[in-house]
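Notes for the one structure printed next.
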Amino acid sequence: MFMKILVIGSGGREHAMVWKLARSERVEKIYAAPGNGGTAQGSEGSQTFEGSQVSGFAGSQGSFGNQGSAGGPEWENVDLFGRDPAEEEIQEALIRYVAKEGIDLTVVGPEAPLAAGIADRFRGAGLAVVGPGAAAARLESSKAYAKSFMEKYGVRTARYLAHSDPAEALAAVRTHFDSAPSAGKNAPAPPAPPPLVIKADGLAAGKGVVIAGDLRTAEETVAAFMRDGSLGGAGKNIVLEEFLQGPEVSVLAAVSAAPGRKGVILPFVSARDHKRRFDRDRGPNTGGMGAIAPAPGFTAALERDFEEAILAPTLRGMEAEGFDYRGFIFFGLLLQNGGCYLLEYNVRLGDPETQAVLPLMDSDFAELCAAIESGALADFHLAWKPGAVCAPVAVAAGYPGEYRRGDPIAFNEAAFAKTTALCFTAGAIRGAGGPEGSGLRTAGGRVLTVSAYGADGAEARARAYRALEAVRFEGMDYRRDIGEIS
Ligand code: AMP
Ligand code: GLY
């Protein structure tokens with residue numbers, strides 16, 4: 001069967017999904033809603049990761065990319081909406097569009113529409129969709145709910161307290177930072193208490209976690225989140241959490257769990273994101289400055305530990321709660337004392353992890369999505385290429401604060417092709433690109449991700465950074481240390 005597939009979202013993650021879907025022989029056409037400059041109109045040909053012809057800014061009609069052989073699927077962006085419609089209106093319009101176009105399967109990229117119930121609406125309308133319903137999406141949209149789920153089913157995580165009352169939260173913060181009473185004038189100072197992790201309960205676009213090293217910062221954070229509404233409703237309730245220390249690993253996975261059926265979680269190759277803005281993990285948190293897959297240091301022993309201490313109890317919990325969870329899950333892990341701790345669930349694939357992981361997938365992504373939806377995931381064999389992918393993100397000047405936009409993106413196609421890298425766009429829209437332009441200009445903070453394959457991390461890194469030299473826009477910057485072992 002040839003499928004028409006709709007991908008919802010507009011980031012680099014969604015561009016990578018469109019690219020991977022376009023490589024499936026089972027796909028006839030791909031729609032991206034709303035998509036970005038790179039997912040706009042194009043068709044897929046014979047490009048391979050290993051070959052010299054790569055998808056470049058896939059979909060743009062410039063002088064590069066996508067001149068592959070005829071016969072592959074086409075893709076296009078779907079923009080159904082005027083300015084700032086309500087989420088519910090968007091979802092209803094998408095349902096009408098999917099029915100009208102005869103789209104067979106919809107894959108939801110970001111968390112916000114999932115938390116707002118898009119999967120429930122689609123299923124209610126009899127449409128096939130990959131994404132959990134709103135009840136299960138609370139694993140991401142409420143940190144307090146996620147922590148209670150972890151506790152209930154014995155998923156290994158940091159200790160925590162949930163608070164809905166600011167006075168009680170402030171009292172708990174003071175208790176934490178209260179150092180032991182001094183034994184006398186000449187007694188040695190007691191050791192400083194460890195930092196306290198303060199998390200807003202709701203979705204806060206990466207701004208909802210503060211690691212407070214002292215009482216004052218902790219008090220100010222609690223007051224800002226709970227009393228002053230600095231994050232809107234997201235900070236009304238908070239979680240106070242034990243501080244853990246160690247490298248982080250992201251494990252993305254396919255999930256198919258539905259009431260009355262045995263559930264399945266199929267983990268992907270591991271990845272590591274780099275969330276801080278500057279090299280050596282300095283500077284403010286961002287949406288993610290680059291990823292490498294597999295994650296260095298995630299040994300077979302740690303993988304087993306993850307499956308036993310985190311994946312298995314999560315699946316048990318999904319079954320016991322009677323979730324209809326047909327979609328993707330993201331386990332945000334921290335490695336400490338030789339074991340894995342779960343910092344967070346996301347109910348979607350990660351960005352930029354997806355741009356590093358999907359190019360390593362040797363299975364048909366459209367078939368995987370269909371198996372998630374139909375419940376046939378237990379029989380699905382997920383295969384991976386050996387080697388590694390390094391995927392640094394190029395950002396606009398000013399990001400993650402106010403950033404430049406509207407600059408033409410220049411692209412040296414010949415130089416880029418030599419590196420065998422892929423380019424996945426995010427904050428880029430179609431627009432005048434100048435003489436050596438890509439036909440795109442910048443429109444977001446994270447502009448694009450370059451994903452390069454190598455036999456190992458070092459080769460992938462070298463190719464990714466060479467490929468980035470072939471891309472240029474005013475104020476472009478990126479981290480130079482993506483995938484280095486810190
Ligand atoms: P989260 O959204 O919960 O993943 O938190 C965002 C980031 O905050 C994580 O990627 C970690 O870097 C950090 N973080 C979260 N929880 C903890 C914790 N308990 N201990 C140390 N760092 C944490
Ligand atoms: N890369 C982190 C995220 O997708 O949330």
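How things are named: the first chain in the structure tokens is A, the next is B, and so on; residues count from 1 in each chain; ligands count from 1 in the order shown.
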| task | Residues within 8 Å of ligand 2, counting only C-alpha atoms and all ligand atoms: report them as a list of chain:residue names. | result | A:Gly206, A:Ser250, A:Asp273, A:His274, A:Lys275, A:Gly287, A:Gly288, A:Asn346, A:Arg348, A:Leu349, A:Gly350, A:Asp351, A:Pro352, A:Glu353
Store the residues of this selection in a file with N, CA, C and O atoms, as a CSV table (one decimal), in the first residue's frame.
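Output below, filename part-v6.csv:
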```csv
chain,number,residue,atom,x,y,z
A,206,GLY,N,11.5,24.9,28.0
A,206,GLY,CA,12.9,24.9,28.4
A,206,GLY,C,13.3,25.9,29.5
A,206,GLY,O,14.4,26.0,29.9
A,250,SER,N,19.9,10.8,26.1
A,250,SER,CA,18.5,10.8,25.6
A,250,SER,C,18.2,9.4,24.9
A,250,SER,O,19.0,9.1,24.0
A,273,ASP,N,22.2,15.2,23.7
A,273,ASP,CA,21.9,16.6,23.4
A,273,ASP,C,23.0,17.5,24.1
A,273,ASP,O,23.6,17.0,25.1
A,274,HIS,N,23.1,18.7,23.7
A,274,HIS,CA,24.0,19.7,24.4
A,274,HIS,C,23.1,20.9,24.5
A,274,HIS,O,23.0,21.7,23.6
A,275,LYS,N,22.6,21.1,25.8
A,275,LYS,CA,21.6,22.1,25.9
A,275,LYS,C,22.1,23.5,26.2
A,275,LYS,O,21.4,24.5,25.9
A,287,GLY,N,17.0,25.2,23.5
A,287,GLY,CA,16.2,24.1,23.1
A,287,GLY,C,17.1,22.9,22.7
A,287,GLY,O,16.6,21.8,22.5
A,288,GLY,N,18.4,23.1,22.6
A,288,GLY,CA,19.3,22.1,22.2
A,288,GLY,C,20.3,22.6,21.1
A,288,GLY,O,19.8,23.0,20.0
A,346,ASN,N,9.5,12.9,27.8
A,346,ASN,CA,8.8,13.7,26.8
A,346,ASN,C,8.0,12.8,26.0
A,346,ASN,O,8.4,11.6,25.7
A,348,ARG,N,7.3,12.6,22.9
A,348,ARG,CA,7.5,12.9,21.5
A,348,ARG,C,9.0,12.6,21.2
A,348,ARG,O,9.7,12.2,22.2
A,349,LEU,N,9.5,12.7,20.0
A,349,LEU,CA,10.9,12.6,19.7
A,349,LEU,C,11.6,13.9,20.1
A,349,LEU,O,11.0,15.0,20.3
A,350,GLY,N,12.9,13.8,20.3
A,350,GLY,CA,13.7,15.0,20.8
A,350,GLY,C,14.2,15.8,19.6
A,350,GLY,O,14.3,15.3,18.5
A,351,ASP,N,14.4,17.1,19.8
A,351,ASP,CA,15.0,17.9,18.8
A,351,ASP,C,16.2,18.6,19.5
A,351,ASP,O,16.0,19.3,20.4
A,352,PRO,N,17.5,18.4,19.1
A,352,PRO,CA,17.9,17.8,17.8
A,352,PRO,C,18.3,16.3,17.8
A,352,PRO,O,18.9,15.8,16.8
A,353,GLU,N,17.9,15.5,18.8
A,353,GLU,CA,18.3,14.1,18.9
A,353,GLU,C,17.8,13.4,17.6
A,353,GLU,O,18.5,12.5,17.1
```
| 6 Å shell around ligand 1 using only C-alpha atoms and all ligand atoms, listed as a list in words |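 The neighbouring residues of ligand 1 are, in order, Ala158, Val197, Val209, Glu241, Glu242, Phe243, Leu244, Gln245, Gly332, Leu343 and Glu344 of chain A.
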| Nearest to Glu459 of chain A, chosen from A:Leu333, A:Ile429, A:Ala388, A:Leu240, with only C-alpha atoms counted in the distances |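 Of the candidates, the smallest distance to Glu459 of chain A is held by A:Ala388.
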Using only C-alpha atoms, find each residue of segment 81-107 of chain A with at least one atom at most 12 Å away from an atom of segment 362-371 of chain A; report its shortest atom-to-atom pair and that distance in Å (one decimal), sort the rows by chain and rising residue number, and return the result as JSON lines.
```
{"residue": "A:Asp104", "atom": "CA", "partner": "A:Ala370", "partner_atom": "CA", "distance": 9.4}
{"residue": "A:Leu105", "atom": "CA", "partner": "A:Ala370", "partner_atom": "CA", "distance": 7.5}
{"residue": "A:Thr106", "atom": "CA", "partner": "A:Cys369", "partner_atom": "CA", "distance": 9.1}
{"residue": "A:Val107", "atom": "CA", "partner": "A:Cys369", "partner_atom": "CA", "distance": 7.7}
```
Could the residues in this selection be saved with N, CA and C atoms as a tab-separated table (two decimals), in the first residue's frame?
```
chain	number	residue	atom	x	y	z
A	104	ASP	N	-3.45	8.88	5.01
A	104	ASP	CA	-3.62	7.61	5.71
A	104	ASP	C	-3.15	7.66	7.16
A	105	LEU	N	-2.12	8.47	7.41
A	105	LEU	CA	-1.52	8.44	8.74
A	105	LEU	C	-0.96	9.82	9.07
A	106	THR	N	-1.18	10.27	10.31
A	106	THR	CA	-0.64	11.55	10.77
A	106	THR	C	0.35	11.30	11.90
A	107	VAL	N	1.52	11.93	11.82
A	107	VAL	CA	2.53	11.79	12.86
A	107	VAL	C	2.72	13.15	13.52
```
| request: Check segment 316-456 of chain A with DSSP on the backbone and list each residue it calls alpha helix (DSSP H), as a PyMOL selection string. | output: chain A and resi 316-321+353-357+365-374+413-418
| message | Which of segment 141-389 of chain A end up as strand (DSSP E) when DSSP is run on this backbone - answer as a ChimeraX atom specification? | response | /A:160-163,196-200,209-212,238-242,248-257,264-267,272-273,276-278,282-285,290-293,325-336,339-346,388-389
| field | Neighbour list for segment 164-173 of chain A as a PyMOL selection string, cut-off 10 Å, only C-alpha atoms, skip fewer than 2 positions in-chain | value | chain A and resi 144+161-162+175-178+196+198+201+212+214-216+218-223+225-227+235-240
| remark: One decimal place gives the atom CA of Arg441 of chain A-atom CA of Val393 of chain A separation as 15.7 Å
| Between atom CA of Gly445 of chain A and atom CA of Ser142 of chain A, distance in Å (one decimal) | 25.8 Å
| Contact residues around segment 14-16 of chain A with only C-alpha atoms at 12 Å, ignoring same-chain residues under 4 positions, as an MDAnalysis selection string | chainID A and resid 6:10 20:23 30:40 55:59 75:77 107:110 348:361 365 391 422:428 447:451
| Atomic distance atom CA of Leu266 of chain A - atom CA of Ala125 of chain A, expressed in Å with one decimal |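 Taking atom CA of Leu266 of chain A as the start and atom CA of Ala125 of chain A as the end point, the length is 27.6 Å.
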| remark: Using only C-alpha atoms, the shortest atom-to-atom distance to Ala137 of chain A among A:Val18, A:Ala258, A:Val347, A:Leu315 belongs to A:Val347
| request: Excluding Leu342 of chain A and any residue of its chain fewer than 5 positions from it, enumerate the residues within 9 Å of it, using only C-alpha atoms, and give them as a list in words. | output: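 Counting only C-alpha atoms, the residues come to Met150, Val155, Arg156, Thr157, Ala158, Phe306, Ile310, Phe331, Gly332, Leu333, Leu334 and Leu335 of chain A.
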